[in-house]
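Shown next, in structure tokens, is the structure this report addresses.
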Amino acid sequence: MHQGRVVIGAIEEVVFGHPAAGAIVAQMDRLGTRRAFLMVSGTLNRQTGEITKIKDALGERCAGLFDAMPAHTPREAVIAAANAAREAGADLIVTVGGGSITDGAKAVQLCLANDIDDIDGIERIRVHKGVAPEMNAPTVRQISVPTTIAGGEFSSIAGVTDRSSNVKQMLRHPLMVPRATILDPRITVHTPEWLFLSTGIRAVDHCVEAICSRETHPYADAQSVKGLAMLADALPRVKADPADLDARMDAQIGTWLSMGALAAGVPMGASHGIGYVLGAAFGVPHGYTSCIMLPAVMRWNARDNADRQVIVAAAMGYPGRDAADVLDAFIRSLGMPRSLAEMRVLPEHFETIAEQAMRTNWIPRNPRKITGPADIKEILLLAA
């Protein structure tokens, strides 16, 4: 008999297929907000007209703009953005960009609500040993226009990097999730191919680790299996024709579905746990961590969850095949990296990675029990 608990989160709307500028204005009208602080991709702002379109549509309701969020969301940039939003008198944060910007705005919400104006203050709101501290709930909330497809706009957690230790730390609050997400495939055509496709593999990773979890349930499976099928179909179509907006829309919807299990309480596993360390300590992009680690984790886990891995292969269109082989071939077909060596992560680094990964939230939830750093090093060797 299934047992569990599904929390319906604080997302109010997902708007898909409509142009971003008009959809942002409509959301501000719905929410009754007047002072939007834009946190946007610097590349989009400087090299395209997309942000100008949004600013023009908002008019005097644009209270300010921040376009300097680096990859992996360092504390310093979070504080800079929070202080700028506070000074602007923002009553809404609008993000237009990838996962680092989305996570940055989630963190800014907590900084505004808890009067945090320096990097040390983030210690007061970050998760410690899996537990989020007591804190004030965000009152200046967020709406998101994602340009990548890792799916962070559908979660109530964020990763913020402490550069003093090169460790990505988790922040978590139910009201961190954007009130609305706007999926506009047109704005994603400016995203570099490697970034769009690799974040698509991050979404695949969400689906696969959810399907393979010991803690999954039918509600989560329904979203993960459909999301995986859509991503497996759409990503090669985007690779073949970057101007195919239908394919991009399908990839975005597949990503939305990929986050359903996580929102419904199903944990991720070792691919995500190790990926956090590779990102923070070695600067490996989020999507690339999944491209490299997911097949290796599947091979290592197969001893304990082969029955669930069968579902993965079938959802990707290859019933009866080995799921790790299917994922390996799929990732290669998109031209993505498949080894740690390609990211200059070498065996002499494995001890440090393994020790740090043991301290992440997802390693204890991996479907095959990980008893210590030696097990993680086995996985890393499979990805070397």
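The chains in the structure tokens are called A, B, ... from first to last as shown; in each chain the residues are counted from 1, and the ligands are counted from 1 in the order shown.
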
| message | I want to know what sits within 9 Å of His206 of chain A, based on only C-alpha atoms, with residues of the same chain fewer than 2 positions away left out; could you give that as a ChimeraX atom specification? | response | /A:150-151,201-204,208-211,224,228,255,258-259,261-262,268,272

Restrict the selected residues to all heavy atoms and save them as a short mmCIF file (atom, residue, chain, number, x, y, z; two decimals), in the first residue's frame.
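Written file, again_34.cif:
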```cif
data_model
loop_
_atom_site.label_atom_id
_atom_site.label_comp_id
_atom_site.auth_asym_id
_atom_site.auth_seq_id
_atom_site.Cartn_x
_atom_site.Cartn_y
_atom_site.Cartn_z
N ALA A 150 16.42 23.78 -16.84
CA ALA A 150 16.76 22.92 -15.70
C ALA A 150 15.60 22.79 -14.72
O ALA A 150 15.55 21.86 -13.93
CB ALA A 150 17.99 23.47 -14.97
N GLY A 151 14.67 23.75 -14.71
CA GLY A 151 13.43 23.59 -13.95
C GLY A 151 13.40 24.23 -12.57
O GLY A 151 12.43 24.07 -11.85
N ILE A 201 19.13 18.07 -20.24
CA ILE A 201 19.55 16.82 -19.60
C ILE A 201 19.42 16.93 -18.09
O ILE A 201 19.14 15.93 -17.39
CB ILE A 201 20.99 16.44 -20.01
CG1 ILE A 201 21.06 16.21 -21.52
CG2 ILE A 201 21.46 15.18 -19.26
CD1 ILE A 201 20.16 15.09 -22.03
N ARG A 202 19.56 18.11 -17.55
CA ARG A 202 19.29 18.30 -16.11
C ARG A 202 17.83 17.94 -15.81
O ARG A 202 17.54 17.29 -14.81
CB ARG A 202 19.58 19.76 -15.72
CG ARG A 202 19.49 20.04 -14.24
CD ARG A 202 20.63 19.40 -13.50
NE ARG A 202 20.76 19.87 -12.13
CZ ARG A 202 21.69 19.43 -11.29
NH1 ARG A 202 22.55 18.52 -11.70
NH2 ARG A 202 21.76 19.88 -10.06
N ALA A 203 16.92 18.38 -16.69
CA ALA A 203 15.52 18.03 -16.51
C ALA A 203 15.30 16.52 -16.67
O ALA A 203 14.52 15.91 -15.93
CB ALA A 203 14.66 18.80 -17.51
N VAL A 204 16.00 15.92 -17.63
CA VAL A 204 15.96 14.46 -17.77
C VAL A 204 16.40 13.80 -16.46
O VAL A 204 15.80 12.83 -15.99
CB VAL A 204 16.86 14.00 -18.94
CG1 VAL A 204 17.12 12.49 -18.89
CG2 VAL A 204 16.22 14.39 -20.28
N VAL A 208 14.52 11.01 -14.26
CA VAL A 208 15.11 9.68 -14.09
C VAL A 208 15.34 9.38 -12.61
O VAL A 208 15.00 8.28 -12.13
CB VAL A 208 16.43 9.58 -14.89
CG1 VAL A 208 17.20 8.31 -14.52
CG2 VAL A 208 16.13 9.61 -16.38
N GLU A 209 15.91 10.33 -11.86
CA GLU A 209 16.17 10.04 -10.45
C GLU A 209 14.87 9.91 -9.67
O GLU A 209 14.81 9.17 -8.69
CB GLU A 209 17.10 11.09 -9.84
CG GLU A 209 18.52 10.98 -10.39
CD GLU A 209 19.60 11.28 -9.37
OE1 GLU A 209 19.62 12.41 -8.83
OE2 GLU A 209 20.44 10.38 -9.11
N ALA A 210 13.82 10.61 -10.11
CA ALA A 210 12.52 10.45 -9.44
C ALA A 210 11.94 9.07 -9.74
O ALA A 210 11.48 8.37 -8.83
CB ALA A 210 11.56 11.54 -9.89
N ILE A 211 11.94 8.67 -11.00
CA ILE A 211 11.41 7.35 -11.37
C ILE A 211 12.15 6.24 -10.62
O ILE A 211 11.55 5.26 -10.17
CB ILE A 211 11.52 7.13 -12.89
CG1 ILE A 211 10.57 8.07 -13.65
CG2 ILE A 211 11.23 5.67 -13.27
CD1 ILE A 211 10.84 8.16 -15.14
N SER A 224 6.77 12.33 -14.05
CA SER A 224 8.15 12.03 -14.44
C SER A 224 8.22 11.24 -15.74
O SER A 224 9.06 11.52 -16.61
CB SER A 224 8.86 11.25 -13.33
OG SER A 224 8.91 11.98 -12.15
N LEU A 228 9.77 12.80 -19.09
CA LEU A 228 10.93 12.16 -19.72
C LEU A 228 10.64 11.86 -21.19
O LEU A 228 11.50 12.09 -22.07
CB LEU A 228 11.29 10.88 -18.96
CG LEU A 228 12.48 10.09 -19.48
CD1 LEU A 228 13.74 10.95 -19.54
CD2 LEU A 228 12.73 8.85 -18.62
N THR A 255 10.11 19.91 -19.06
CA THR A 255 10.84 20.36 -17.88
C THR A 255 9.90 20.66 -16.73
O THR A 255 10.16 20.30 -15.57
CB THR A 255 11.67 21.61 -18.23
OG1 THR A 255 12.64 21.24 -19.21
CG2 THR A 255 12.36 22.18 -17.02
N SER A 258 9.02 17.57 -15.27
CA SER A 258 10.16 16.93 -14.59
C SER A 258 10.28 17.35 -13.15
O SER A 258 10.89 16.65 -12.34
CB SER A 258 11.46 17.26 -15.34
OG SER A 258 11.98 18.54 -14.96
N MET A 259 9.72 18.51 -12.81
CA MET A 259 9.83 19.01 -11.44
C MET A 259 8.67 18.57 -10.56
O MET A 259 8.67 18.83 -9.35
CB MET A 259 9.89 20.55 -11.46
CG MET A 259 11.13 21.09 -12.15
SD MET A 259 12.67 20.58 -11.36
CE MET A 259 12.55 21.48 -9.81
N ALA A 261 7.69 15.59 -9.49
CA ALA A 261 8.00 14.61 -8.45
C ALA A 261 8.73 15.25 -7.28
O ALA A 261 8.44 14.97 -6.12
CB ALA A 261 8.82 13.47 -9.04
N LEU A 262 9.70 16.11 -7.60
CA LEU A 262 10.44 16.77 -6.54
C LEU A 262 9.51 17.62 -5.68
O LEU A 262 9.58 17.61 -4.45
CB LEU A 262 11.55 17.63 -7.15
CG LEU A 262 12.58 18.23 -6.20
CD1 LEU A 262 13.35 17.15 -5.47
CD2 LEU A 262 13.56 19.12 -6.98
N MET A 268 15.83 13.42 -4.99
CA MET A 268 16.81 13.09 -6.01
C MET A 268 17.86 12.15 -5.39
O MET A 268 17.79 11.81 -4.22
CB MET A 268 17.45 14.35 -6.55
CG MET A 268 16.46 15.33 -7.21
SD MET A 268 15.71 14.74 -8.76
CE MET A 268 14.12 14.11 -8.18
N HIS A 272 22.44 14.13 -8.53
CA HIS A 272 22.27 15.50 -8.04
C HIS A 272 23.25 15.81 -6.91
O HIS A 272 23.82 16.91 -6.86
CB HIS A 272 20.83 15.72 -7.58
CG HIS A 272 19.89 16.02 -8.70
ND1 HIS A 272 19.48 15.05 -9.59
CD2 HIS A 272 19.29 17.17 -9.08
CE1 HIS A 272 18.66 15.62 -10.48
NE2 HIS A 272 18.53 16.89 -10.19
#
```

Can you build me a table of segment 94-142 of chain A residues sitting at most 12 Å from segment 188-200 of chain A, with the closest atom pair per residue and its distance in Å to one decimal, using only C-alpha atoms, sorted by chain and residue number, as CSV?
```
residue,atom,partner,partner_atom,distance
A:Val96,CA,A:Thr188,CA,10.2
A:Gly97,CA,A:Thr188,CA,9.0
A:Gly98,CA,A:Thr191,CA,9.0
A:Gly99,CA,A:Thr199,CA,9.0
A:Ser100,CA,A:Thr199,CA,11.8
```

Using all heavy atoms, can you write the selected residues to a file as a short mmCIF file (atom, residue, chain, number, x, y, z; two decimals), in the first residue's frame?
```cif
data_model
loop_
_atom_site.label_atom_id
_atom_site.label_comp_id
_atom_site.auth_asym_id
_atom_site.auth_seq_id
_atom_site.Cartn_x
_atom_site.Cartn_y
_atom_site.Cartn_z
N VAL A 96 14.47 36.96 -15.66
CA VAL A 96 14.52 36.55 -17.07
C VAL A 96 15.93 36.01 -17.30
O VAL A 96 16.89 36.77 -17.40
CB VAL A 96 14.24 37.73 -18.02
CG1 VAL A 96 14.16 37.22 -19.47
CG2 VAL A 96 12.96 38.47 -17.65
N GLY A 97 16.04 34.70 -17.31
CA GLY A 97 17.37 34.10 -17.46
C GLY A 97 17.39 32.66 -17.01
O GLY A 97 16.35 32.01 -16.89
N GLY A 98 18.59 32.18 -16.75
CA GLY A 98 18.78 30.78 -16.40
C GLY A 98 18.66 30.51 -14.92
O GLY A 98 18.24 31.36 -14.12
N GLY A 99 19.07 29.30 -14.54
CA GLY A 99 18.85 28.83 -13.18
C GLY A 99 19.58 29.62 -12.12
O GLY A 99 19.08 29.78 -11.00
N SER A 100 20.77 30.14 -12.43
CA SER A 100 21.51 30.90 -11.43
C SER A 100 20.77 32.19 -11.08
O SER A 100 20.77 32.63 -9.92
CB SER A 100 22.92 31.22 -11.93
OG SER A 100 23.66 30.02 -12.08
#
```

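Counting only C-alpha atoms, the residue from A:Arg332, A:His72, A:Arg299, A:Lys377 that sits nearest to Glu351 of chain A is A:Lys377.
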
| task | Return as an MDAnalysis selection string the full set of residues in segment 88-288 of chain A whose backbone-based DSSP assignment is helix (DSSP H, G or I). | result | chainID A and resid 88 99:113 119:124 152:154 174:176 185:190 193:211 218:240 245:258 260:263 270:282 286:288

| query | Could you work out how far atom CA of Leu183 of chain A lies from atom CA of Ala20 of chain A, giving the answer in Å with one decimal? | reply | 7.7 Å

| field | Å distance separating atom CA of Ser333 of chain A from atom CA of Pro236 of chain A, one decimal place | value |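 Those two atoms sit 7.9 Å apart.
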
| message | Counting only C-alpha atoms, which residue out of A:Arg321, A:Arg34, A:Arg338, A:Arg248 sits closest to Tyr288 of chain A? | response |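 Closest residue, counting only C-alpha atoms: A:Arg338.
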
| said: Going by DSSP on the backbone, which residues of segment 81-173 of chain A come out as strand (DSSP E or B)? List them as a list in words. | reply: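 Answer for segment 81-173 of chain A restricted to strand (DSSP E or B) is Leu92, Ile93, Val94, Thr95, Val96, Gly97, Arg126, His128, Val131, Arg141, Gln142, Ile143, Ser144, Val145, Pro146, Ile157, Ala158, Gly159, Val160, Thr161, Asp162, Val167, Lys168, Gln169, Met170, Leu171 and Arg172 of chain A.
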
| query | Which value, in Å to one decimal, gives the distance between atom CA of Thr33 of chain A and atom CA of Ser155 of chain A? | reply |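 These atoms are spaced 22.4 Å apart.
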
Residues within 6 Å of segment 363-373 of chain A, only C-alpha atoms, excluding chain neighbours under 4 positions, as a compact mmCIF listing (two decimals) with all heavy atoms, in the first residue's frame:
```txt
# COMPACT_ATOMS: atom_id res chain seq x y z
N SER A 213 13.72 6.43 -7.73
CA SER A 213 13.77 6.58 -6.27
C SER A 213 12.99 5.48 -5.56
O SER A 213 11.95 5.03 -6.03
CB SER A 213 13.19 7.95 -5.89
OG SER A 213 13.06 8.06 -4.49
N ARG A 214 13.48 5.11 -4.38
CA ARG A 214 12.72 4.19 -3.53
C ARG A 214 11.46 4.84 -2.98
O ARG A 214 10.58 4.16 -2.46
CB ARG A 214 13.58 3.75 -2.33
CG ARG A 214 14.76 2.88 -2.65
CD ARG A 214 15.39 2.34 -1.37
NE ARG A 214 15.78 3.41 -0.46
CZ ARG A 214 17.00 3.93 -0.38
NH1 ARG A 214 17.95 3.50 -1.18
NH2 ARG A 214 17.27 4.90 0.48
N GLY A 269 18.82 11.74 -6.23
CA GLY A 269 19.82 10.79 -5.77
C GLY A 269 21.24 11.28 -5.98
O GLY A 269 21.52 12.48 -5.96
N ALA A 270 22.14 10.33 -6.25
CA ALA A 270 23.58 10.64 -6.27
C ALA A 270 23.98 11.52 -7.43
O ALA A 270 24.95 12.28 -7.31
CB ALA A 270 24.38 9.35 -6.30
N GLY A 273 23.45 14.87 -6.00
CA GLY A 273 24.35 15.12 -4.88
C GLY A 273 25.77 15.39 -5.33
O GLY A 273 26.41 16.36 -4.89
N ASN A 301 23.63 2.04 -9.53
CA ASN A 301 22.38 1.73 -8.83
C ASN A 301 21.67 0.49 -9.37
O ASN A 301 20.78 -0.04 -8.69
CB ASN A 301 21.40 2.90 -8.95
CG ASN A 301 21.77 4.07 -8.05
OD1 ASN A 301 22.55 3.93 -7.11
ND2 ASN A 301 21.20 5.22 -8.34
N ASP A 304 20.27 -2.54 -7.47
CA ASP A 304 19.18 -2.42 -6.50
C ASP A 304 17.86 -1.93 -7.09
O ASP A 304 16.82 -2.03 -6.42
CB ASP A 304 19.58 -1.46 -5.37
CG ASP A 304 20.59 -2.07 -4.42
OD1 ASP A 304 21.27 -3.04 -4.82
OD2 ASP A 304 20.73 -1.57 -3.29
N ALA A 354 34.21 13.15 -3.13
CA ALA A 354 33.44 12.14 -2.41
C ALA A 354 33.12 12.60 -0.99
O ALA A 354 31.99 12.44 -0.51
CB ALA A 354 34.20 10.82 -2.39
N GLU A 355 34.10 13.17 -0.33
CA GLU A 355 33.87 13.64 1.05
C GLU A 355 32.84 14.78 1.09
O GLU A 355 31.96 14.81 1.95
CB GLU A 355 35.19 14.08 1.68
CG GLU A 355 36.13 12.90 1.98
CD GLU A 355 37.49 13.33 2.49
OE1 GLU A 355 37.71 14.56 2.62
OE2 GLU A 355 38.33 12.44 2.75
```

| said: Just want the 7 Å neighbourhood of segment 164-174 of chain A, counted on only C-alpha atoms, with same-chain residues fewer than 3 positions away dropped. Output as number ranges by chain. | reply: A: 9-10, 125-127, 132, 156-161, 177, 276-277, 280-281

Would you export the selected residues with N, CA, C and O atoms as a PDB file, in the first residue's frame, please?
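This is the output file result-v6.pdb:
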```pdb
ATOM      1  N   GLY A   9       2.242  23.155  -3.773  1.00  0.00           N
ATOM      2  CA  GLY A   9       3.066  24.310  -3.439  1.00  0.00           C
ATOM      3  C   GLY A   9       2.429  25.643  -3.784  1.00  0.00           C
ATOM      4  O   GLY A   9       1.252  25.729  -4.172  1.00  0.00           O
ATOM      5  N   ALA A  10       3.240  26.688  -3.656  1.00  0.00           N
ATOM      6  CA  ALA A  10       2.740  28.052  -3.734  1.00  0.00           C
ATOM      7  C   ALA A  10       2.789  28.645  -5.147  1.00  0.00           C
ATOM      8  O   ALA A  10       2.639  29.849  -5.314  1.00  0.00           O
ATOM      9  N   ILE A 125      19.928  32.034   7.098  1.00  0.00           N
ATOM     10  CA  ILE A 125      18.765  31.543   6.343  1.00  0.00           C
ATOM     11  C   ILE A 125      19.052  30.258   5.572  1.00  0.00           C
ATOM     12  O   ILE A 125      18.142  29.687   4.991  1.00  0.00           O
ATOM     13  N   ARG A 126      20.300  29.796   5.591  1.00  0.00           N
ATOM     14  CA  ARG A 126      20.597  28.593   4.809  1.00  0.00           C
ATOM     15  C   ARG A 126      20.244  27.331   5.586  1.00  0.00           C
ATOM     16  O   ARG A 126      20.142  27.337   6.825  1.00  0.00           O
ATOM     17  N   VAL A 127      20.074  26.261   4.853  1.00  0.00           N
ATOM     18  CA  VAL A 127      19.785  24.960   5.447  1.00  0.00           C
ATOM     19  C   VAL A 127      21.033  24.432   6.152  1.00  0.00           C
ATOM     20  O   VAL A 127      22.134  24.456   5.589  1.00  0.00           O
ATOM     21  N   ALA A 132      15.923  23.657   7.526  1.00  0.00           N
ATOM     22  CA  ALA A 132      15.847  25.096   7.275  1.00  0.00           C
ATOM     23  C   ALA A 132      15.547  25.809   8.589  1.00  0.00           C
ATOM     24  O   ALA A 132      14.682  25.383   9.350  1.00  0.00           O
ATOM     25  N   SER A 156      10.954  25.138  -4.564  1.00  0.00           N
ATOM     26  CA  SER A 156      11.055  26.068  -3.435  1.00  0.00           C
ATOM     27  C   SER A 156      12.400  25.937  -2.730  1.00  0.00           C
ATOM     28  O   SER A 156      12.519  26.190  -1.536  1.00  0.00           O
ATOM     29  N   ILE A 157      13.417  25.511  -3.479  1.00  0.00           N
ATOM     30  CA  ILE A 157      14.780  25.474  -2.947  1.00  0.00           C
ATOM     31  C   ILE A 157      15.693  26.250  -3.885  1.00  0.00           C
ATOM     32  O   ILE A 157      15.377  26.448  -5.065  1.00  0.00           O
ATOM     33  N   ALA A 158      16.810  26.699  -3.359  1.00  0.00           N
ATOM     34  CA  ALA A 158      17.806  27.402  -4.164  1.00  0.00           C
ATOM     35  C   ALA A 158      19.187  27.016  -3.687  1.00  0.00           C
ATOM     36  O   ALA A 158      19.384  26.722  -2.503  1.00  0.00           O
ATOM     37  N   GLY A 159      20.139  27.029  -4.608  1.00  0.00           N
ATOM     38  CA  GLY A 159      21.529  26.795  -4.253  1.00  0.00           C
ATOM     39  C   GLY A 159      22.313  28.094  -4.355  1.00  0.00           C
ATOM     40  O   GLY A 159      22.258  28.781  -5.382  1.00  0.00           O
ATOM     41  N   VAL A 160      23.030  28.437  -3.295  1.00  0.00           N
ATOM     42  CA  VAL A 160      23.855  29.649  -3.262  1.00  0.00           C
ATOM     43  C   VAL A 160      25.272  29.228  -2.867  1.00  0.00           C
ATOM     44  O   VAL A 160      25.456  28.481  -1.899  1.00  0.00           O
ATOM     45  N   THR A 161      26.260  29.699  -3.627  1.00  0.00           N
ATOM     46  CA  THR A 161      27.638  29.259  -3.405  1.00  0.00           C
ATOM     47  C   THR A 161      28.375  30.189  -2.439  1.00  0.00           C
ATOM     48  O   THR A 161      28.380  31.409  -2.610  1.00  0.00           O
ATOM     49  N   VAL A 177       9.296  29.696  -4.073  1.00  0.00           N
ATOM     50  CA  VAL A 177       8.947  29.334  -5.443  1.00  0.00           C
ATOM     51  C   VAL A 177       8.260  30.516  -6.116  1.00  0.00           C
ATOM     52  O   VAL A 177       7.457  31.224  -5.496  1.00  0.00           O
ATOM     53  N   TYR A 276      26.117  18.812  -7.309  1.00  0.00           N
ATOM     54  CA  TYR A 276      26.258  20.032  -6.506  1.00  0.00           C
ATOM     55  C   TYR A 276      27.728  20.334  -6.238  1.00  0.00           C
ATOM     56  O   TYR A 276      28.170  21.487  -6.303  1.00  0.00           O
ATOM     57  N   VAL A 277      28.490  19.293  -5.926  1.00  0.00           N
ATOM     58  CA  VAL A 277      29.904  19.480  -5.602  1.00  0.00           C
ATOM     59  C   VAL A 277      30.693  19.856  -6.852  1.00  0.00           C
ATOM     60  O   VAL A 277      31.538  20.759  -6.824  1.00  0.00           O
ATOM     61  N   ALA A 280      29.959  23.627  -7.605  1.00  0.00           N
ATOM     62  CA  ALA A 280      30.507  24.626  -6.684  1.00  0.00           C
ATOM     63  C   ALA A 280      32.026  24.592  -6.632  1.00  0.00           C
ATOM     64  O   ALA A 280      32.680  25.637  -6.602  1.00  0.00           O
ATOM     65  N   ALA A 281      32.614  23.400  -6.603  1.00  0.00           N
ATOM     66  CA  ALA A 281      34.056  23.295  -6.393  1.00  0.00           C
ATOM     67  C   ALA A 281      34.863  23.349  -7.688  1.00  0.00           C
ATOM     68  O   ALA A 281      36.026  23.754  -7.678  1.00  0.00           O
TER      69      ALA A 281
END
```

| field | Shortest interatomic distance to Pro218 of chain A - which of A:Leu235, A:Ala264, A:Ala323, A:Val25, counting only C-alpha atoms | value |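 For Pro218 of chain A, the nearest of the candidates is A:Ala264.
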
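The nearest approach to Lys226 of chain A among the residues A:Val40, A:Ala68, A:Ile253, A:Val310, with only C-alpha atoms taken into account, belongs to A:Ile253.
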
| said: Just want the 6 Å neighbourhood of segment 12-18 of chain A, counted on only C-alpha atoms, with same-chain residues fewer than 3 positions away dropped. Output as number ranges by chain. | reply: A: 179-184

Expected file contents, prior selection, C-alpha atoms, as a compact mmCIF listing (two decimals), in the first residue's frame:
```txt
# COMPACT_ATOMS: atom_id res chain seq x y z
CA ARG A 179 4.20 32.84 -7.88
CA ALA A 180 4.04 32.45 -11.65
CA THR A 181 6.28 31.06 -14.36
CA ILE A 182 6.06 32.20 -17.97
CA LEU A 183 7.26 29.68 -20.56
CA ASP A 184 7.98 31.59 -23.78
```

| field | Exercise: Ile101 of chain A partners within 10 Å, only C-alpha atoms, chain neighbours under 4 positions left out, as a list in words | value |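 That gives Met39, Val40, Ser41, Phe66, Asp67, Ala68, Met69, Pro70, Ala71, His72, Thr73, Ala77, Val78, Thr95, Val96, Gly97, Ala105, Lys106, Ala107, Ser144, Pro146, Gly152 and Glu153 of chain A.
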